[in-house]
file structure-v2.txt (compact mmCIF, N, CA, C and O atoms)
# COMPACT_ATOMS: atom_id res chain seq x y z
N MET A 1 0.84 -1.18 0.00
CA MET A 1 0.00 0.00 0.00
C MET A 1 0.89 1.24 0.00
O MET A 1 1.89 1.29 0.67
N GLY A 2 0.51 2.25 -0.70
CA GLY A 2 1.30 3.47 -0.84
C GLY A 2 0.84 4.57 0.10
O GLY A 2 0.35 4.33 1.19
N ILE A 3 0.94 5.74 -0.38
CA ILE A 3 0.64 6.95 0.39
C ILE A 3 -0.87 7.16 0.41
O ILE A 3 -1.52 7.27 -0.63
N GLY A 4 -1.46 7.25 1.61
CA GLY A 4 -2.87 7.57 1.76
C GLY A 4 -3.81 6.64 1.03
O GLY A 4 -4.82 7.07 0.50
N GLY A 5 -3.47 5.36 0.94
CA GLY A 5 -4.35 4.39 0.29
C GLY A 5 -4.15 4.30 -1.22
O GLY A 5 -4.89 3.62 -1.89
N ILE A 6 -3.17 5.02 -1.76
CA ILE A 6 -2.88 4.94 -3.19
C ILE A 6 -1.70 4.00 -3.38
O ILE A 6 -0.66 4.16 -2.74
N SER A 7 -1.86 3.04 -4.26
CA SER A 7 -0.79 2.07 -4.48
C SER A 7 0.30 2.67 -5.39
O SER A 7 0.09 3.68 -6.06
N ILE A 8 1.44 2.00 -5.43
CA ILE A 8 2.55 2.45 -6.26
C ILE A 8 2.17 2.41 -7.74
O ILE A 8 2.60 3.26 -8.52
N TRP A 9 1.33 1.45 -8.13
CA TRP A 9 0.92 1.34 -9.54
C TRP A 9 0.04 2.52 -9.94
O TRP A 9 0.16 3.03 -11.06
N GLN A 10 -0.83 2.94 -9.05
CA GLN A 10 -1.67 4.10 -9.35
C GLN A 10 -0.82 5.36 -9.50
O GLN A 10 -1.07 6.18 -10.38
N LEU A 11 0.20 5.50 -8.65
CA LEU A 11 1.10 6.64 -8.76
C LEU A 11 1.86 6.62 -10.09
O LEU A 11 2.05 7.66 -10.73
N LEU A 12 2.32 5.45 -10.50
CA LEU A 12 3.03 5.33 -11.77
C LEU A 12 2.12 5.67 -12.96
O LEU A 12 2.55 6.33 -13.91
N ILE A 13 0.88 5.22 -12.92
CA ILE A 13 -0.07 5.53 -14.00
C ILE A 13 -0.31 7.04 -14.06
O ILE A 13 -0.32 7.63 -15.15
N ILE A 14 -0.47 7.68 -12.92
CA ILE A 14 -0.65 9.13 -12.88
C ILE A 14 0.57 9.84 -13.44
O ILE A 14 0.45 10.79 -14.21
N LEU A 15 1.76 9.36 -13.08
CA LEU A 15 3.00 9.95 -13.59
C LEU A 15 3.08 9.84 -15.10
O LEU A 15 3.44 10.80 -15.79
N VAL A 16 2.72 8.70 -15.67
CA VAL A 16 2.75 8.50 -17.12
C VAL A 16 1.76 9.45 -17.80
O VAL A 16 2.08 10.08 -18.82
N ILE A 17 0.58 9.59 -17.24
CA ILE A 17 -0.43 10.49 -17.82
C ILE A 17 0.05 11.93 -17.79
O ILE A 17 -0.07 12.67 -18.78
N VAL A 18 0.64 12.35 -16.69
CA VAL A 18 1.16 13.71 -16.58
C VAL A 18 2.27 13.93 -17.60
O VAL A 18 2.34 14.99 -18.25
N LEU A 19 3.17 12.95 -17.75
CA LEU A 19 4.25 13.07 -18.74
C LEU A 19 3.68 13.19 -20.15
O LEU A 19 4.19 13.96 -20.98
N LEU A 20 2.65 12.43 -20.46
CA LEU A 20 2.05 12.50 -21.79
C LEU A 20 1.34 13.83 -22.03
O LEU A 20 1.39 14.37 -23.13
N LEU A 21 0.70 14.36 -21.01
CA LEU A 21 -0.01 15.63 -21.16
C LEU A 21 0.93 16.81 -21.28
O LEU A 21 0.74 17.68 -22.15
N PHE A 22 1.92 16.90 -20.43
CA PHE A 22 2.77 18.08 -20.37
C PHE A 22 4.09 17.92 -21.11
O PHE A 22 4.67 18.89 -21.57
N GLY A 23 4.61 16.73 -21.19
CA GLY A 23 5.90 16.52 -21.83
C GLY A 23 7.04 16.78 -20.85
O GLY A 23 6.89 17.53 -19.88
N THR A 24 8.17 16.15 -21.12
CA THR A 24 9.29 16.26 -20.18
C THR A 24 9.90 17.66 -20.17
O THR A 24 10.34 18.14 -19.13
N LYS A 25 9.91 18.33 -21.32
CA LYS A 25 10.51 19.67 -21.38
C LYS A 25 9.73 20.66 -20.51
O LYS A 25 10.30 21.43 -19.76
N ARG A 26 8.42 20.62 -20.62
CA ARG A 26 7.59 21.54 -19.83
C ARG A 26 7.68 21.22 -18.34
O ARG A 26 7.74 22.12 -17.51
N LEU A 27 7.71 19.93 -18.00
CA LEU A 27 7.85 19.55 -16.59
C LEU A 27 9.20 19.99 -16.04
O LEU A 27 9.32 20.41 -14.88
N LYS A 28 10.25 19.90 -16.88
CA LYS A 28 11.57 20.35 -16.46
C LYS A 28 11.55 21.86 -16.19
O LYS A 28 12.11 22.33 -15.20
N ASN A 29 10.88 22.61 -17.05
CA ASN A 29 10.78 24.06 -16.85
C ASN A 29 10.00 24.39 -15.57
O ASN A 29 10.38 25.28 -14.82
N ILE A 30 8.93 23.66 -15.34
CA ILE A 30 8.14 23.87 -14.13
C ILE A 30 8.98 23.57 -12.89
O ILE A 30 8.96 24.31 -11.91
N GLY A 31 9.74 22.47 -12.96
CA GLY A 31 10.60 22.09 -11.83
C GLY A 31 11.68 23.12 -11.57
O GLY A 31 11.94 23.48 -10.42
N SER A 32 12.29 23.64 -12.62
CA SER A 32 13.34 24.65 -12.42
C SER A 32 12.75 25.95 -11.90
O SER A 32 13.37 26.63 -11.07
N ASP A 33 11.57 26.33 -12.39
CA ASP A 33 10.90 27.53 -11.87
C ASP A 33 10.56 27.37 -10.39
O ASP A 33 10.75 28.30 -9.60
N LEU A 34 10.07 26.21 -10.04
CA LEU A 34 9.73 25.94 -8.65
C LEU A 34 10.98 25.96 -7.77
O LEU A 34 10.98 26.54 -6.68
N GLY A 35 12.07 25.37 -8.28
CA GLY A 35 13.33 25.37 -7.53
C GLY A 35 13.88 26.77 -7.33
O GLY A 35 14.34 27.11 -6.24
N SER A 36 13.82 27.60 -8.36
CA SER A 36 14.32 28.97 -8.21
C SER A 36 13.42 29.78 -7.27
O SER A 36 13.90 30.64 -6.53
N ALA A 37 12.12 29.49 -7.27
CA ALA A 37 11.22 30.18 -6.35
C ALA A 37 11.54 29.81 -4.90
O ALA A 37 11.56 30.67 -4.02
N VAL A 38 11.81 28.54 -4.66
CA VAL A 38 12.16 28.08 -3.31
C VAL A 38 13.48 28.70 -2.88
O VAL A 38 13.64 29.16 -1.74
N LYS A 39 14.45 28.74 -3.80
CA LYS A 39 15.75 29.33 -3.50
C LYS A 39 15.61 30.82 -3.18
O LYS A 39 16.22 31.33 -2.24
N GLY A 40 14.76 31.52 -3.94
CA GLY A 40 14.50 32.93 -3.68
C GLY A 40 13.83 33.14 -2.33
O GLY A 40 14.14 34.09 -1.60
N PHE A 41 12.91 32.25 -1.99
CA PHE A 41 12.22 32.35 -0.70
C PHE A 41 13.20 32.16 0.45
O PHE A 41 13.18 32.90 1.43
N LYS A 42 14.09 31.16 0.32
CA LYS A 42 15.09 30.92 1.36
C LYS A 42 16.02 32.12 1.51
O LYS A 42 16.37 32.51 2.62
N GLY A 43 16.41 32.72 0.38
CA GLY A 43 17.27 33.90 0.41
C GLY A 43 16.58 35.07 1.10
O GLY A 43 17.19 35.80 1.89
N ALA A 44 15.30 35.24 0.83
CA ALA A 44 14.54 36.32 1.46
C ALA A 44 14.42 36.09 2.97
O ALA A 44 14.49 37.03 3.76
N MET A 45 14.25 34.83 3.36
CA MET A 45 14.17 34.52 4.79
C MET A 45 15.48 34.83 5.49
O MET A 45 15.50 35.39 6.59
N LYS A 46 16.61 34.49 4.85
CA LYS A 46 17.92 34.78 5.43
C LYS A 46 18.14 36.28 5.54
O LYS A 46 18.66 36.77 6.54
N ASP A 47 17.72 37.03 4.49
CA ASP A 47 17.86 38.47 4.53
C ASP A 47 17.02 39.07 5.65
O ASP A 47 17.44 39.99 6.34
N GLY A 48 15.82 38.53 5.84
CA GLY A 48 14.95 39.01 6.91
C GLY A 48 15.56 38.75 8.28
O GLY A 48 15.48 39.59 9.18
N GLU A 49 16.18 37.58 8.45
CA GLU A 49 16.83 37.26 9.72
C GLU A 49 18.02 38.19 9.97
O GLU A 49 18.24 38.65 11.09
N LYS A 50 18.79 38.48 8.91
CA LYS A 50 19.92 39.39 9.05
C LYS A 50 19.46 40.78 9.44
O LYS A 50 20.07 41.44 10.28
N GLU A 51 18.36 41.26 8.82
CA GLU A 51 17.82 42.57 9.15
C GLU A 51 17.34 42.61 10.60
O GLU A 51 17.56 43.59 11.30
N ALA A 52 16.69 41.53 11.05
CA ALA A 52 16.21 41.48 12.43
C ALA A 52 17.39 41.50 13.41
O ALA A 52 17.35 42.20 14.43
N ASP A 53 18.45 40.75 13.10
CA ASP A 53 19.64 40.76 13.95
C ASP A 53 20.28 42.14 13.98
O ASP A 53 20.71 42.62 15.02
N GLN A 54 20.33 42.80 12.81
CA GLN A 54 20.92 44.14 12.73
C GLN A 54 20.10 45.13 13.55
O GLN A 54 20.66 45.98 14.25
N GLN A 55 18.78 45.01 13.50
CA GLN A 55 17.92 45.90 14.28
C GLN A 55 18.13 45.68 15.77
O GLN A 55 18.14 46.63 16.55
N LYS A 56 18.31 44.43 16.19
CA LYS A 56 18.57 44.14 17.60
C LYS A 56 19.88 44.78 18.04
O LYS A 56 19.98 45.35 19.13
N LEU A 57 20.91 44.68 17.19
CA LEU A 57 22.20 45.28 17.53
C LEU A 57 22.11 46.79 17.60
O LEU A 57 22.67 47.41 18.50
N GLU A 58 21.38 47.40 16.65
CA GLU A 58 21.21 48.85 16.67
C GLU A 58 20.47 49.29 17.93
O GLU A 58 20.81 50.29 18.54
N LYS A 59 19.45 48.54 18.32
CA LYS A 59 18.68 48.88 19.51
C LYS A 59 19.57 48.77 20.76
O LYS A 59 19.53 49.62 21.64
N ALA A 60 20.40 47.72 20.81
CA ALA A 60 21.30 47.55 21.95
C ALA A 60 22.33 48.68 21.99
O ALA A 60 22.66 49.18 23.06
N ASP A 61 22.82 49.11 20.83
CA ASP A 61 23.77 50.21 20.78
C ASP A 61 23.12 51.51 21.26
O ASP A 61 23.75 52.31 21.95
N GLU A 62 21.86 51.73 20.87
CA GLU A 62 21.15 52.94 21.30
C GLU A 62 20.98 52.96 22.82
O GLU A 62 21.07 54.00 23.45
N GLU A 63 20.75 51.79 23.40
CA GLU A 63 20.56 51.70 24.84
C GLU A 63 21.89 51.68 25.58
O GLU A 63 21.93 51.78 26.80
N GLY A 64 22.97 51.53 24.84
CA GLY A 64 24.29 51.51 25.45
C GLY A 64 24.61 50.19 26.13
O GLY A 64 25.46 50.12 27.00
N VAL A 65 23.92 49.15 25.76
CA VAL A 65 24.13 47.84 26.38
C VAL A 65 24.68 46.88 25.34
O VAL A 65 24.12 46.74 24.26
N ILE A 66 25.76 46.25 25.67
CA ILE A 66 26.32 45.22 24.82
C ILE A 66 26.35 43.95 25.65
O ILE A 66 26.71 43.97 26.82
N GLU A 67 25.96 42.84 25.05
CA GLU A 67 25.81 41.60 25.80
C GLU A 67 27.07 41.22 26.57
O GLU A 67 27.00 40.78 27.69
N GLY A 68 28.22 41.40 26.00
CA GLY A 68 29.47 41.06 26.67
C GLY A 68 29.68 41.88 27.92
O GLY A 68 30.16 41.39 28.94
N GLU A 69 29.31 43.16 27.87
CA GLU A 69 29.47 44.02 29.04
C GLU A 69 28.54 43.60 30.17
O GLU A 69 28.89 43.65 31.33
N VAL A 70 27.34 43.19 29.82
CA VAL A 70 26.38 42.80 30.84
C VAL A 70 26.91 41.59 31.61
O VAL A 70 26.88 41.57 32.83
N THR A 71 27.42 40.60 30.92
CA THR A 71 27.91 39.41 31.62
C THR A 71 29.14 39.74 32.45
O THR A 71 29.31 39.21 33.53
N LYS A 72 30.00 40.65 31.99
CA LYS A 72 31.18 41.03 32.76
C LYS A 72 30.78 41.74 34.04
O LYS A 72 31.31 41.47 35.11
N LYS A 73 29.80 42.63 33.96
CA LYS A 73 29.35 43.35 35.15
C LYS A 73 28.69 42.40 36.14
O LYS A 73 28.86 42.53 37.34
N GLU A 74 27.92 41.43 35.62
CA GLU A 74 27.29 40.47 36.50
C GLU A 74 28.34 39.59 37.19
O GLU A 74 28.18 39.25 38.35
N GLU A 75 29.42 39.24 36.49
CA GLU A 75 30.48 38.42 37.08
C GLU A 75 31.20 39.21 38.16
O GLU A 75 31.61 38.67 39.19
N GLU A 76 31.39 40.53 37.94
CA GLU A 76 32.09 41.36 38.94
C GLU A 76 31.27 41.47 40.22
O GLU A 76 31.81 41.54 41.32
N LYS A 77 29.94 41.48 40.11
CA LYS A 77 29.07 41.57 41.28
C LYS A 77 29.14 40.30 42.12
O LYS A 77 28.97 40.33 43.31
N SER A 78 29.37 39.18 41.49
CA SER A 78 29.35 37.88 42.19
C SER A 78 30.51 37.68 43.08
O SER A 78 31.50 38.22 43.17
call {"tool": "encode", "arguments": {"input": "structure-v2.txt", "output": "structure tokens"}}
result
Amino acid sequence: MGIGGISIWQLLIILVIVLLLFGTKRLKNIGSDLGSAVKGFKGAMKDGEKEADQQKLEKADEEGVIEGEVTKKEEEKS
């Protein structure tokens, strides 16, 4: 038994029908477009994380607090 009650033979038949309808060239183009879209999305997520980190650093600089200084001051109190 395959995925969700679909057997491997049913999946193969669906794959053959899709190949006949769209052709390998068009499916290749769709796959590459999808891959570039995913790559672009991942890049945008990384850029967003970098911007968020930069904003945190700018906020800490504005407040005059740097994480390393806080731990040093806390160690001196102990």
call {"tool": "atom_distance", "arguments": {"input": "structure-v2.txt", "atom1": "atom O of A:Arg26", "atom2": "atom O of A:Lys42"}}
result
24.2 Å
call {"tool": "atom_distance", "arguments": {"input": "structure-v2.txt", "atom1": "atom CA of A:Val18", "atom2": "atom CA of A:Gly31"}}
result
13.5 Å
call {"tool": "atom_distance", "arguments": {"input": "structure-v2.txt", "atom1": "atom CA of A:Leu20", "atom2": "atom CA of A:Val38"}}
result
26.2 Å
